[in-house]
file entry-v6.cif (mmCIF, N, CA and C atoms)
data_model
loop_
_atom_site.label_atom_id
_atom_site.label_comp_id
_atom_site.auth_asym_id
_atom_site.auth_seq_id
_atom_site.Cartn_x
_atom_site.Cartn_y
_atom_site.Cartn_z
N MET J 19 -17.48 -19.81 6.02
CA MET J 19 -16.67 -20.89 6.52
C MET J 19 -17.38 -21.55 7.71
N ILE J 20 -17.96 -20.74 8.58
CA ILE J 20 -18.62 -21.31 9.75
C ILE J 20 -19.79 -22.18 9.32
N GLY J 21 -20.52 -21.73 8.33
CA GLY J 21 -21.64 -22.53 7.81
C GLY J 21 -21.18 -23.88 7.31
N PHE J 22 -20.07 -23.89 6.58
CA PHE J 22 -19.52 -25.16 6.09
C PHE J 22 -19.14 -26.07 7.25
N LEU J 23 -18.46 -25.52 8.24
CA LEU J 23 -18.05 -26.33 9.38
C LEU J 23 -19.24 -26.89 10.15
N LYS J 24 -20.28 -26.10 10.29
CA LYS J 24 -21.48 -26.58 10.97
C LYS J 24 -22.12 -27.73 10.20
N ARG J 25 -22.17 -27.59 8.88
CA ARG J 25 -22.77 -28.65 8.05
C ARG J 25 -21.91 -29.91 8.04
N ALA J 26 -20.59 -29.75 8.05
CA ALA J 26 -19.68 -30.88 7.96
C ALA J 26 -19.49 -31.59 9.31
N SER J 27 -19.82 -30.92 10.39
CA SER J 27 -19.61 -31.48 11.72
C SER J 27 -20.69 -32.51 12.05
N ARG J 28 -20.27 -33.60 12.63
CA ARG J 28 -21.22 -34.63 13.05
C ARG J 28 -21.77 -34.33 14.44
N GLU J 29 -21.06 -33.47 15.15
CA GLU J 29 -21.45 -33.08 16.51
C GLU J 29 -21.95 -31.64 16.46
N PRO J 30 -22.69 -31.22 17.48
CA PRO J 30 -23.07 -29.80 17.55
C PRO J 30 -21.81 -28.93 17.53
N PHE J 31 -21.85 -27.87 16.76
CA PHE J 31 -20.69 -26.99 16.60
C PHE J 31 -20.51 -26.17 17.87
N PRO J 32 -19.35 -26.23 18.52
CA PRO J 32 -19.13 -25.52 19.78
C PRO J 32 -19.24 -24.00 19.60
N LYS J 33 -20.01 -23.37 20.46
CA LYS J 33 -20.22 -21.92 20.39
C LYS J 33 -18.90 -21.16 20.56
N ASN J 34 -18.03 -21.64 21.46
CA ASN J 34 -16.76 -20.94 21.68
C ASN J 34 -15.89 -20.95 20.42
N VAL J 35 -15.95 -22.03 19.65
CA VAL J 35 -15.19 -22.11 18.40
C VAL J 35 -15.77 -21.11 17.39
N GLU J 36 -17.08 -21.04 17.32
CA GLU J 36 -17.73 -20.09 16.41
C GLU J 36 -17.36 -18.65 16.78
N VAL J 37 -17.40 -18.34 18.07
CA VAL J 37 -17.04 -16.99 18.52
C VAL J 37 -15.60 -16.67 18.16
N THR J 38 -14.69 -17.62 18.40
CA THR J 38 -13.27 -17.40 18.09
C THR J 38 -13.07 -17.19 16.59
N LEU J 39 -13.72 -18.00 15.77
CA LEU J 39 -13.59 -17.85 14.31
C LEU J 39 -14.12 -16.49 13.85
N ARG J 40 -15.22 -16.05 14.41
CA ARG J 40 -15.77 -14.74 14.05
C ARG J 40 -14.83 -13.61 14.48
N GLU J 41 -14.21 -13.75 15.65
CA GLU J 41 -13.25 -12.74 16.09
C GLU J 41 -12.05 -12.68 15.16
N TRP J 42 -11.55 -13.83 14.75
CA TRP J 42 -10.43 -13.86 13.80
C TRP J 42 -10.84 -13.20 12.49
N ALA J 43 -12.02 -13.54 12.01
CA ALA J 43 -12.50 -12.97 10.74
C ALA J 43 -12.64 -11.46 10.83
N ASP J 44 -13.11 -10.97 11.97
CA ASP J 44 -13.27 -9.52 12.15
C ASP J 44 -11.93 -8.80 12.14
N LYS J 45 -10.89 -9.47 12.59
CA LYS J 45 -9.57 -8.84 12.64
C LYS J 45 -8.88 -8.78 11.27
N TYR J 46 -9.32 -9.66 10.36
CA TYR J 46 -8.68 -9.68 9.04
C TYR J 46 -8.85 -8.32 8.37
N GLY J 47 -7.75 -7.77 7.90
CA GLY J 47 -7.78 -6.50 7.19
C GLY J 47 -7.62 -5.28 8.08
N GLU J 48 -7.52 -5.47 9.39
CA GLU J 48 -7.27 -4.32 10.27
C GLU J 48 -5.94 -3.66 9.95
N ILE J 49 -5.01 -4.47 9.51
CA ILE J 49 -3.68 -3.99 9.13
C ILE J 49 -3.42 -4.43 7.70
N THR J 50 -2.95 -3.50 6.89
CA THR J 50 -2.64 -3.80 5.51
C THR J 50 -1.15 -3.53 5.27
N LEU J 51 -0.46 -4.48 4.69
CA LEU J 51 0.94 -4.31 4.29
C LEU J 51 0.96 -4.12 2.79
N ARG J 52 1.64 -3.09 2.36
CA ARG J 52 1.75 -2.82 0.92
C ARG J 52 3.22 -2.70 0.56
N GLN J 53 3.49 -3.10 -0.65
CA GLN J 53 4.84 -2.91 -1.15
C GLN J 53 4.85 -1.63 -1.96
N GLY J 54 5.85 -0.83 -1.76
CA GLY J 54 5.93 0.42 -2.50
C GLY J 54 7.22 1.13 -2.17
N ALA J 55 7.32 2.33 -2.65
CA ALA J 55 8.46 3.19 -2.38
C ALA J 55 7.91 4.55 -1.96
N ILE J 56 8.72 5.30 -1.29
CA ILE J 56 8.30 6.61 -0.79
C ILE J 56 8.85 7.71 -1.69
N LEU J 57 7.96 8.60 -2.07
CA LEU J 57 8.34 9.81 -2.78
C LEU J 57 8.15 10.95 -1.78
N HIS J 58 9.20 11.71 -1.53
CA HIS J 58 9.14 12.79 -0.55
C HIS J 58 9.53 14.09 -1.24
N THR J 59 8.71 15.12 -1.06
CA THR J 59 9.01 16.43 -1.65
C THR J 59 9.37 17.42 -0.54
N ARG J 60 10.05 18.47 -0.91
CA ARG J 60 10.45 19.48 0.09
C ARG J 60 9.26 20.30 0.59
N ASP J 61 8.23 20.44 -0.26
CA ASP J 61 7.08 21.24 0.17
C ASP J 61 5.79 20.70 -0.44
N ARG J 62 4.68 21.14 0.11
CA ARG J 62 3.37 20.64 -0.32
C ARG J 62 3.00 21.12 -1.72
N LYS J 63 3.51 22.29 -2.12
CA LYS J 63 3.21 22.80 -3.46
C LYS J 63 3.73 21.84 -4.53
N LEU J 64 4.94 21.36 -4.33
CA LEU J 64 5.53 20.42 -5.29
C LEU J 64 4.76 19.09 -5.30
N MET J 65 4.35 18.62 -4.13
CA MET J 65 3.57 17.38 -4.08
C MET J 65 2.26 17.53 -4.86
N ARG J 66 1.58 18.63 -4.68
CA ARG J 66 0.34 18.87 -5.43
C ARG J 66 0.61 18.90 -6.93
N GLU J 67 1.70 19.53 -7.30
CA GLU J 67 2.09 19.61 -8.71
C GLU J 67 2.29 18.20 -9.29
N LEU J 68 3.02 17.35 -8.56
CA LEU J 68 3.30 16.00 -9.03
C LEU J 68 2.02 15.15 -9.09
N GLN J 69 1.18 15.25 -8.07
CA GLN J 69 0.01 14.39 -8.04
C GLN J 69 -1.05 14.80 -9.07
N HIS J 70 -0.94 16.00 -9.63
CA HIS J 70 -1.89 16.42 -10.66
C HIS J 70 -1.28 16.41 -12.06
N HIS J 71 0.01 16.12 -12.15
CA HIS J 71 0.67 16.10 -13.46
C HIS J 71 0.21 14.85 -14.23
N PRO J 72 -0.30 15.02 -15.45
CA PRO J 72 -0.83 13.87 -16.19
C PRO J 72 0.18 12.74 -16.44
N GLN J 73 1.46 13.05 -16.54
CA GLN J 73 2.47 12.01 -16.79
C GLN J 73 3.03 11.40 -15.51
N LEU J 74 2.66 11.93 -14.37
CA LEU J 74 3.24 11.45 -13.11
C LEU J 74 2.21 10.86 -12.16
N LYS J 75 0.99 11.32 -12.23
CA LYS J 75 -0.01 10.91 -11.23
C LYS J 75 -0.29 9.41 -11.23
N THR J 76 -0.06 8.75 -12.35
CA THR J 76 -0.32 7.31 -12.40
C THR J 76 0.67 6.49 -11.56
N TYR J 77 1.81 7.08 -11.24
CA TYR J 77 2.80 6.38 -10.41
C TYR J 77 2.46 6.43 -8.93
N ILE J 78 1.62 7.39 -8.56
CA ILE J 78 1.30 7.60 -7.14
C ILE J 78 0.17 6.66 -6.73
N ILE J 79 0.46 5.80 -5.77
CA ILE J 79 -0.53 4.88 -5.24
C ILE J 79 -1.43 5.60 -4.24
N GLU J 80 -0.79 6.33 -3.33
CA GLU J 80 -1.54 7.02 -2.29
C GLU J 80 -0.70 8.17 -1.72
N VAL J 81 -1.33 9.30 -1.51
CA VAL J 81 -0.66 10.42 -0.86
C VAL J 81 -0.81 10.20 0.64
N LEU J 82 0.32 10.12 1.34
CA LEU J 82 0.32 9.82 2.77
C LEU J 82 0.31 11.08 3.64
N SER J 83 0.86 12.16 3.12
CA SER J 83 0.84 13.45 3.82
C SER J 83 1.04 14.53 2.77
N SER J 84 1.15 15.75 3.20
CA SER J 84 1.29 16.86 2.25
C SER J 84 2.61 16.83 1.49
N THR J 85 3.58 16.05 1.97
CA THR J 85 4.88 15.98 1.29
C THR J 85 5.36 14.55 1.04
N VAL J 86 4.52 13.54 1.34
CA VAL J 86 4.94 12.15 1.20
C VAL J 86 3.86 11.36 0.46
N ALA J 87 4.32 10.55 -0.50
CA ALA J 87 3.40 9.70 -1.25
C ALA J 87 4.01 8.31 -1.40
N LEU J 88 3.13 7.33 -1.46
CA LEU J 88 3.53 5.96 -1.76
C LEU J 88 3.47 5.80 -3.27
N VAL J 89 4.58 5.34 -3.87
CA VAL J 89 4.63 5.16 -5.32
C VAL J 89 4.98 3.72 -5.65
N GLN J 90 4.78 3.33 -6.89
CA GLN J 90 5.01 1.97 -7.35
C GLN J 90 6.51 1.65 -7.32
N ALA J 91 6.89 0.73 -6.45
CA ALA J 91 8.30 0.38 -6.31
C ALA J 91 8.86 -0.27 -7.56
N ASP J 92 8.04 -1.06 -8.24
CA ASP J 92 8.53 -1.75 -9.44
C ASP J 92 8.70 -0.82 -10.63
N LYS J 93 8.27 0.43 -10.49
CA LYS J 93 8.42 1.39 -11.59
C LYS J 93 9.26 2.59 -11.17
N LEU J 94 10.09 2.38 -10.16
CA LEU J 94 10.90 3.47 -9.63
C LEU J 94 11.87 4.04 -10.66
N GLU J 95 12.53 3.16 -11.40
CA GLU J 95 13.47 3.64 -12.42
C GLU J 95 12.73 4.39 -13.52
N GLU J 96 11.56 3.88 -13.89
CA GLU J 96 10.74 4.55 -14.90
C GLU J 96 10.28 5.92 -14.40
N LEU J 97 9.87 5.98 -13.15
CA LEU J 97 9.44 7.26 -12.56
C LEU J 97 10.61 8.24 -12.51
N GLN J 98 11.77 7.76 -12.13
CA GLN J 98 12.96 8.62 -12.08
C GLN J 98 13.25 9.20 -13.46
N ALA J 99 13.21 8.36 -14.48
CA ALA J 99 13.47 8.83 -15.84
C ALA J 99 12.40 9.84 -16.29
N ARG J 100 11.15 9.57 -15.94
CA ARG J 100 10.06 10.48 -16.32
C ARG J 100 10.24 11.82 -15.62
N LEU J 101 10.57 11.80 -14.34
CA LEU J 101 10.80 13.05 -13.60
C LEU J 101 11.93 13.84 -14.24
N GLN J 102 13.03 13.15 -14.59
CA GLN J 102 14.16 13.83 -15.21
C GLN J 102 13.79 14.41 -16.57
N SER J 103 13.01 13.67 -17.34
CA SER J 103 12.61 14.17 -18.66
C SER J 103 11.71 15.40 -18.56
N LEU J 104 11.06 15.56 -17.42
CA LEU J 104 10.19 16.71 -17.20
C LEU J 104 10.90 17.87 -16.48
N GLY J 105 12.22 17.70 -16.26
CA GLY J 105 13.00 18.79 -15.68
C GLY J 105 13.20 18.73 -14.18
N TYR J 106 12.73 17.67 -13.55
CA TYR J 106 12.96 17.50 -12.11
C TYR J 106 14.28 16.79 -11.89
N SER J 107 14.88 16.96 -10.72
CA SER J 107 16.15 16.31 -10.39
C SER J 107 15.98 15.48 -9.12
N PRO J 108 15.38 14.30 -9.22
CA PRO J 108 15.15 13.50 -8.01
C PRO J 108 16.43 12.88 -7.46
N ARG J 109 16.53 12.84 -6.16
CA ARG J 109 17.61 12.11 -5.48
C ARG J 109 17.04 10.76 -5.12
N VAL J 110 17.70 9.69 -5.51
CA VAL J 110 17.21 8.35 -5.25
C VAL J 110 18.03 7.73 -4.12
N GLU J 111 17.33 7.33 -3.08
CA GLU J 111 17.97 6.68 -1.93
C GLU J 111 17.33 5.32 -1.76
N ILE J 112 17.98 4.31 -2.25
CA ILE J 112 17.45 2.95 -2.16
C ILE J 112 18.36 2.12 -1.29
N GLU J 113 17.78 1.56 -0.24
CA GLU J 113 18.55 0.70 0.65
C GLU J 113 18.46 -0.73 0.15
N PRO J 114 19.58 -1.46 0.24
CA PRO J 114 19.52 -2.87 -0.16
C PRO J 114 18.63 -3.64 0.81
N PRO J 115 18.02 -4.72 0.37
CA PRO J 115 17.18 -5.52 1.26
C PRO J 115 17.98 -6.04 2.45
N ARG J 116 17.33 -6.09 3.60
CA ARG J 116 17.98 -6.60 4.80
C ARG J 116 17.90 -8.12 4.82
N PRO J 117 18.99 -8.75 5.35
CA PRO J 117 18.97 -10.23 5.39
C PRO J 117 17.96 -10.75 6.40
#

call {"tool": "encode", "arguments": {"input": "entry-v6.cif", "output": "structure tokens"}}
result
Amino acid sequence: MIGFLKRASREPFPKNVEVTLREWADKYGEITLRQGAILHTRDRKLMRELQHHPQLKTYIIEVLSSTVALVQADKLEELQARLQSLGYSPRVEIEPPRP
């Protein structure tokens, strides 16, 4: 982007503007927001079991701790049904969106 601005500018490109743009660019991606749902287990043994189960591991986006994982929010009902079909009894706590 800076190269384009330098080429398009009729005047010498101000160094302070270049520095500011580079600082902004460096900050991009420092924080990532993801949409998902939380899967929480009572113990780490169960979490390991779920994350290695061939029918369940595809729902897990990322394991956040030994008992917490980020799962696909848009497939929560599907995951619940899959867990139930495999003999698990998940408790679902979904809060309505805040205004």

call {"tool": "resolve_selection", "arguments": {"input": "entry-v6.cif", "expression": "the PyMOL selection byres ((chain J and resi 47-55) around 6)", "output": "list in words"}}
result
Lys45, Tyr46, Ile56, Leu57, Ala87, Leu88, Val89, Gln90 and Ala91 of chain J

call {"tool": "atom_distance", "arguments": {"input": "entry-v6.cif", "atom1": "CA of Thr59 (chain J)", "atom2": "CA of Arg116 (chain J)"}}
result
25.5 Å

call {"tool": "closest_residue", "arguments": {"input": "entry-v6.cif", "among": "J:Lys33, J:Glu113, J:Leu97, J:Leu23", "to": "Ile78 (chain J)", "atoms": "only C-alpha atoms"}}
result
J:Leu97

call {"tool": "axis_aligned_box", "arguments": {"input": "entry-v6.cif", "around": "region 97-107 of chain J", "padding_each_side": "6 Å", "output": "JSON"}}
result
{"center_x": 12.8, "center_y": 12.4, "center_z": -13.9, "size_x": 18.7, "size_y": 24.8, "size_z": 21.5}

call {"tool": "atom_distance", "arguments": {"input": "entry-v6.cif", "atom1": "atom C of Leu39 (chain J)", "atom2": "atom N of Gly21 (chain J)"}}
result
9.9 Å

call {"tool": "atom_distance", "arguments": {"input": "entry-v6.cif", "atom1": "CA of Arg109 (chain J)", "atom2": "CA of Leu74 (chain J)"}}
result
16.3 Å

call {"tool": "select_by_dssp", "arguments": {"input": "entry-v6.cif", "residues": "chain J", "states": "alpha helix (DSSP H)", "output": "JSON, numbers by chain"}}
result
{"J": [20, 21, 22, 23, 24, 25, 26, 33, 34, 35, 36, 37, 38, 39, 40, 41, 42, 43, 44, 45, 62, 63, 64, 65, 66, 67, 68, 69, 70, 94, 95, 96, 97, 98, 99, 100, 101, 102, 103]}

call {"tool": "select_by_dssp", "arguments": {"input": "entry-v6.cif", "residues": "chain J", "states": "strand (DSSP E)", "output": "list in words"}}
result
Ala55, Ile56, Leu57, His58, Ile78, Ile79, Glu80, Val81, Val86, Ala87, Leu88 and Val89 of chain J

call {"tool": "decode", "arguments": {"input": "entry-v6.cif", "residues": "region 21-70 of chain J", "atoms": "N, CA and C atoms", "output": "PDB file, in the first residue's frame"}}
result
ATOM      1  N   GLY J  21       3.857   1.603  -1.159  1.00  0.00           N
ATOM      2  CA  GLY J  21       4.444   1.754  -2.498  1.00  0.00           C
ATOM      3  C   GLY J  21       3.478   2.417  -3.456  1.00  0.00           C
ATOM      4  N   PHE J  22       2.219   1.997  -3.414  1.00  0.00           N
ATOM      5  CA  PHE J  22       1.209   2.605  -4.279  1.00  0.00           C
ATOM      6  C   PHE J  22       1.052   4.089  -3.961  1.00  0.00           C
ATOM      7  N   LEU J  23       0.966   4.412  -2.681  1.00  0.00           N
ATOM      8  CA  LEU J  23       0.793   5.813  -2.295  1.00  0.00           C
ATOM      9  C   LEU J  23       1.985   6.670  -2.713  1.00  0.00           C
ATOM     10  N   LYS J  24       3.175   6.125  -2.590  1.00  0.00           N
ATOM     11  CA  LYS J  24       4.366   6.869  -3.017  1.00  0.00           C
ATOM     12  C   LYS J  24       4.334   7.131  -4.517  1.00  0.00           C
ATOM     13  N   ARG J  25       3.931   6.117  -5.281  1.00  0.00           N
ATOM     14  CA  ARG J  25       3.869   6.273  -6.747  1.00  0.00           C
ATOM     15  C   ARG J  25       2.761   7.228  -7.159  1.00  0.00           C
ATOM     16  N   ALA J  26       1.635   7.203  -6.450  1.00  0.00           N
ATOM     17  CA  ALA J  26       0.483   8.025  -6.813  1.00  0.00           C
ATOM     18  C   ALA J  26       0.622   9.474  -6.333  1.00  0.00           C
ATOM     19  N   SER J  27       1.499   9.711  -5.380  1.00  0.00           N
ATOM     20  CA  SER J  27       1.651  11.048  -4.815  1.00  0.00           C
ATOM     21  C   SER J  27       2.453  11.948  -5.756  1.00  0.00           C
ATOM     22  N   ARG J  28       1.995  13.160  -5.887  1.00  0.00           N
ATOM     23  CA  ARG J  28       2.715  14.139  -6.712  1.00  0.00           C
ATOM     24  C   ARG J  28       3.798  14.836  -5.904  1.00  0.00           C
ATOM     25  N   GLU J  29       3.666  14.751  -4.597  1.00  0.00           N
ATOM     26  CA  GLU J  29       4.618  15.377  -3.678  1.00  0.00           C
ATOM     27  C   GLU J  29       5.437  14.270  -3.011  1.00  0.00           C
ATOM     28  N   PRO J  30       6.583  14.618  -2.450  1.00  0.00           N
ATOM     29  CA  PRO J  30       7.328  13.616  -1.676  1.00  0.00           C
ATOM     30  C   PRO J  30       6.443  13.058  -0.560  1.00  0.00           C
ATOM     31  N   PHE J  31       6.482  11.757  -0.392  1.00  0.00           N
ATOM     32  CA  PHE J  31       5.634  11.085   0.597  1.00  0.00           C
ATOM     33  C   PHE J  31       6.169  11.378   1.998  1.00  0.00           C
ATOM     34  N   PRO J  32       5.358  11.941   2.885  1.00  0.00           N
ATOM     35  CA  PRO J  32       5.822  12.307   4.227  1.00  0.00           C
ATOM     36  C   PRO J  32       6.267  11.075   5.030  1.00  0.00           C
ATOM     37  N   LYS J  33       7.433  11.166   5.613  1.00  0.00           N
ATOM     38  CA  LYS J  33       7.993  10.055   6.399  1.00  0.00           C
ATOM     39  C   LYS J  33       7.093   9.707   7.581  1.00  0.00           C
ATOM     40  N   ASN J  34       6.523  10.732   8.240  1.00  0.00           N
ATOM     41  CA  ASN J  34       5.664  10.455   9.395  1.00  0.00           C
ATOM     42  C   ASN J  34       4.421   9.656   8.998  1.00  0.00           C
ATOM     43  N   VAL J  35       3.901   9.902   7.805  1.00  0.00           N
ATOM     44  CA  VAL J  35       2.737   9.144   7.318  1.00  0.00           C
ATOM     45  C   VAL J  35       3.149   7.699   7.060  1.00  0.00           C
ATOM     46  N   GLU J  36       4.307   7.512   6.462  1.00  0.00           N
ATOM     47  CA  GLU J  36       4.804   6.160   6.203  1.00  0.00           C
ATOM     48  C   GLU J  36       5.004   5.397   7.518  1.00  0.00           C
ATOM     49  N   VAL J  37       5.601   6.054   8.501  1.00  0.00           N
ATOM     50  CA  VAL J  37       5.820   5.407   9.799  1.00  0.00           C
ATOM     51  C   VAL J  37       4.487   5.022  10.435  1.00  0.00           C
ATOM     52  N   THR J  38       3.518   5.932  10.398  1.00  0.00           N
ATOM     53  CA  THR J  38       2.199   5.656  10.981  1.00  0.00           C
ATOM     54  C   THR J  38       1.523   4.485  10.268  1.00  0.00           C
ATOM     55  N   LEU J  39       1.578   4.462   8.950  1.00  0.00           N
ATOM     56  CA  LEU J  39       0.965   3.356   8.193  1.00  0.00           C
ATOM     57  C   LEU J  39       1.633   2.023   8.528  1.00  0.00           C
ATOM     58  N   ARG J  40       2.938   2.026   8.661  1.00  0.00           N
ATOM     59  CA  ARG J  40       3.651   0.789   9.019  1.00  0.00           C
ATOM     60  C   ARG J  40       3.275   0.332  10.428  1.00  0.00           C
ATOM     61  N   GLU J  41       3.121   1.275  11.351  1.00  0.00           N
ATOM     62  CA  GLU J  41       2.705   0.918  12.708  1.00  0.00           C
ATOM     63  C   GLU J  41       1.315   0.300  12.709  1.00  0.00           C
ATOM     64  N   TRP J  42       0.405   0.886  11.947  1.00  0.00           N
ATOM     65  CA  TRP J  42      -0.947   0.325  11.847  1.00  0.00           C
ATOM     66  C   TRP J  42      -0.895  -1.075  11.256  1.00  0.00           C
ATOM     67  N   ALA J  43      -0.114  -1.240  10.206  1.00  0.00           N
ATOM     68  CA  ALA J  43      -0.001  -2.554   9.554  1.00  0.00           C
ATOM     69  C   ALA J  43       0.572  -3.599  10.508  1.00  0.00           C
ATOM     70  N   ASP J  44       1.545  -3.199  11.317  1.00  0.00           N
ATOM     71  CA  ASP J  44       2.144  -4.129  12.274  1.00  0.00           C
ATOM     72  C   ASP J  44       1.152  -4.570  13.342  1.00  0.00           C
ATOM     73  N   LYS J  45       0.207  -3.709  13.671  1.00  0.00           N
ATOM     74  CA  LYS J  45      -0.777  -4.041  14.704  1.00  0.00           C
ATOM     75  C   LYS J  45      -1.877  -4.981  14.191  1.00  0.00           C
ATOM     76  N   TYR J  46      -2.069  -5.001  12.866  1.00  0.00           N
ATOM     77  CA  TYR J  46      -3.124  -5.850  12.316  1.00  0.00           C
ATOM     78  C   TYR J  46      -2.859  -7.308  12.683  1.00  0.00           C
ATOM     79  N   GLY J  47      -3.851  -7.959  13.243  1.00  0.00           N
ATOM     80  CA  GLY J  47      -3.749  -9.365  13.588  1.00  0.00           C
ATOM     81  C   GLY J  47      -3.225  -9.623  14.991  1.00  0.00           C
ATOM     82  N   GLU J  48      -2.883  -8.582  15.745  1.00  0.00           N
ATOM     83  CA  GLU J  48      -2.463  -8.793  17.131  1.00  0.00           C
ATOM     84  C   GLU J  48      -3.588  -9.406  17.950  1.00  0.00           C
ATOM     85  N   ILE J  49      -4.800  -9.061  17.583  1.00  0.00           N
ATOM     86  CA  ILE J  49      -5.989  -9.578  18.261  1.00  0.00           C
ATOM     87  C   ILE J  49      -6.866 -10.235  17.205  1.00  0.00           C
ATOM     88  N   THR J  50      -7.329 -11.431  17.504  1.00  0.00           N
ATOM     89  CA  THR J  50      -8.205 -12.142  16.588  1.00  0.00           C
ATOM     90  C   THR J  50      -9.536 -12.407  17.286  1.00  0.00           C
ATOM     91  N   LEU J  51     -10.623 -12.070  16.633  1.00  0.00           N
ATOM     92  CA  LEU J  51     -11.963 -12.380  17.134  1.00  0.00           C
ATOM     93  C   LEU J  51     -12.496 -13.548  16.322  1.00  0.00           C
ATOM     94  N   ARG J  52     -12.976 -14.545  17.012  1.00  0.00           N
ATOM     95  CA  ARG J  52     -13.532 -15.721  16.343  1.00  0.00           C
ATOM     96  C   ARG J  52     -14.943 -15.959  16.856  1.00  0.00           C
ATOM     97  N   GLN J  53     -15.732 -16.487  15.975  1.00  0.00           N
ATOM     98  CA  GLN J  53     -17.069 -16.880  16.388  1.00  0.00           C
ATOM     99  C   GLN J  53     -17.028 -18.363  16.699  1.00  0.00           C
ATOM    100  N   GLY J  54     -17.622 -18.738  17.786  1.00  0.00           N
ATOM    101  CA  GLY J  54     -17.629 -20.145  18.156  1.00  0.00           C
ATOM    102  C   GLY J  54     -18.461 -20.351  19.401  1.00  0.00           C
ATOM    103  N   ALA J  55     -18.395 -21.544  19.903  1.00  0.00           N
ATOM    104  CA  ALA J  55     -19.078 -21.904  21.139  1.00  0.00           C
ATOM    105  C   ALA J  55     -18.064 -22.628  22.017  1.00  0.00           C
ATOM    106  N   ILE J  56     -18.333 -22.664  23.282  1.00  0.00           N
ATOM    107  CA  ILE J  56     -17.418 -23.289  24.236  1.00  0.00           C
ATOM    108  C   ILE J  56     -17.936 -24.672  24.622  1.00  0.00           C
ATOM    109  N   LEU J  57     -17.049 -25.636  24.538  1.00  0.00           N
ATOM    110  CA  LEU J  57     -17.323 -26.973  25.043  1.00  0.00           C
ATOM    111  C   LEU J  57     -16.467 -27.119  26.298  1.00  0.00           C
ATOM    112  N   HIS J  58     -17.107 -27.435  27.416  1.00  0.00           N
ATOM    113  CA  HIS J  58     -16.396 -27.548  28.688  1.00  0.00           C
ATOM    114  C   HIS J  58     -16.641 -28.931  29.261  1.00  0.00           C
ATOM    115  N   THR J  59     -15.570 -29.609  29.651  1.00  0.00           N
ATOM    116  CA  THR J  59     -15.695 -30.937  30.252  1.00  0.00           C
ATOM    117  C   THR J  59     -15.335 -30.867  31.735  1.00  0.00           C
ATOM    118  N   ARG J  60     -15.792 -31.840  32.488  1.00  0.00           N
ATOM    119  CA  ARG J  60     -15.500 -31.859  33.931  1.00  0.00           C
ATOM    120  C   ARG J  60     -14.041 -32.185  34.225  1.00  0.00           C
ATOM    121  N   ASP J  61     -13.396 -32.937  33.316  1.00  0.00           N
ATOM    122  CA  ASP J  61     -12.004 -33.291  33.567  1.00  0.00           C
ATOM    123  C   ASP J  61     -11.231 -33.408  32.257  1.00  0.00           C
ATOM    124  N   ARG J  62      -9.916 -33.417  32.377  1.00  0.00           N
ATOM    125  CA  ARG J  62      -9.051 -33.435  31.190  1.00  0.00           C
ATOM    126  C   ARG J  62      -9.105 -34.765  30.459  1.00  0.00           C
ATOM    127  N   LYS J  63      -9.389 -35.859  31.178  1.00  0.00           N
ATOM    128  CA  LYS J  63      -9.481 -37.171  30.531  1.00  0.00           C
ATOM    129  C   LYS J  63     -10.599 -37.174  29.488  1.00  0.00           C
ATOM    130  N   LEU J  64     -11.735 -36.611  29.857  1.00  0.00           N
ATOM    131  CA  LEU J  64     -12.866 -36.551  28.932  1.00  0.00           C
ATOM    132  C   LEU J  64     -12.548 -35.649  27.733  1.00  0.00           C
ATOM    133  N   MET J  65     -11.874 -34.526  27.974  1.00  0.00           N
ATOM    134  CA  MET J  65     -11.502 -33.649  26.863  1.00  0.00           C
ATOM    135  C   MET J  65     -10.591 -34.378  25.880  1.00  0.00           C
ATOM    136  N   ARG J  66      -9.619 -35.097  26.388  1.00  0.00           N
ATOM    137  CA  ARG J  66      -8.724 -35.863  25.500  1.00  0.00           C
ATOM    138  C   ARG J  66      -9.509 -36.901  24.707  1.00  0.00           C
ATOM    139  N   GLU J  67     -10.452 -37.544  25.370  1.00  0.00           N
ATOM    140  CA  GLU J  67     -11.294 -38.543  24.711  1.00  0.00           C
ATOM    141  C   GLU J  67     -12.074 -37.912  23.549  1.00  0.00           C
ATOM    142  N   LEU J  68     -12.678 -36.749  23.797  1.00  0.00           N
ATOM    143  CA  LEU J  68     -13.466 -36.074  22.768  1.00  0.00           C
ATOM    144  C   LEU J  68     -12.587 -35.584  21.617  1.00  0.00           C
ATOM    145  N   GLN J  69     -11.432 -35.013  21.933  1.00  0.00           N
ATOM    146  CA  GLN J  69     -10.615 -34.444  20.872  1.00  0.00           C
ATOM    147  C   GLN J  69      -9.950 -35.517  20.011  1.00  0.00           C
ATOM    148  N   HIS J  70      -9.924 -36.756  20.475  1.00  0.00           N
ATOM    149  CA  HIS J  70      -9.347 -37.829  19.668  1.00  0.00           C
ATOM    150  C   HIS J  70     -10.406 -38.752  19.062  1.00  0.00           C
TER     151      HIS J  70
END
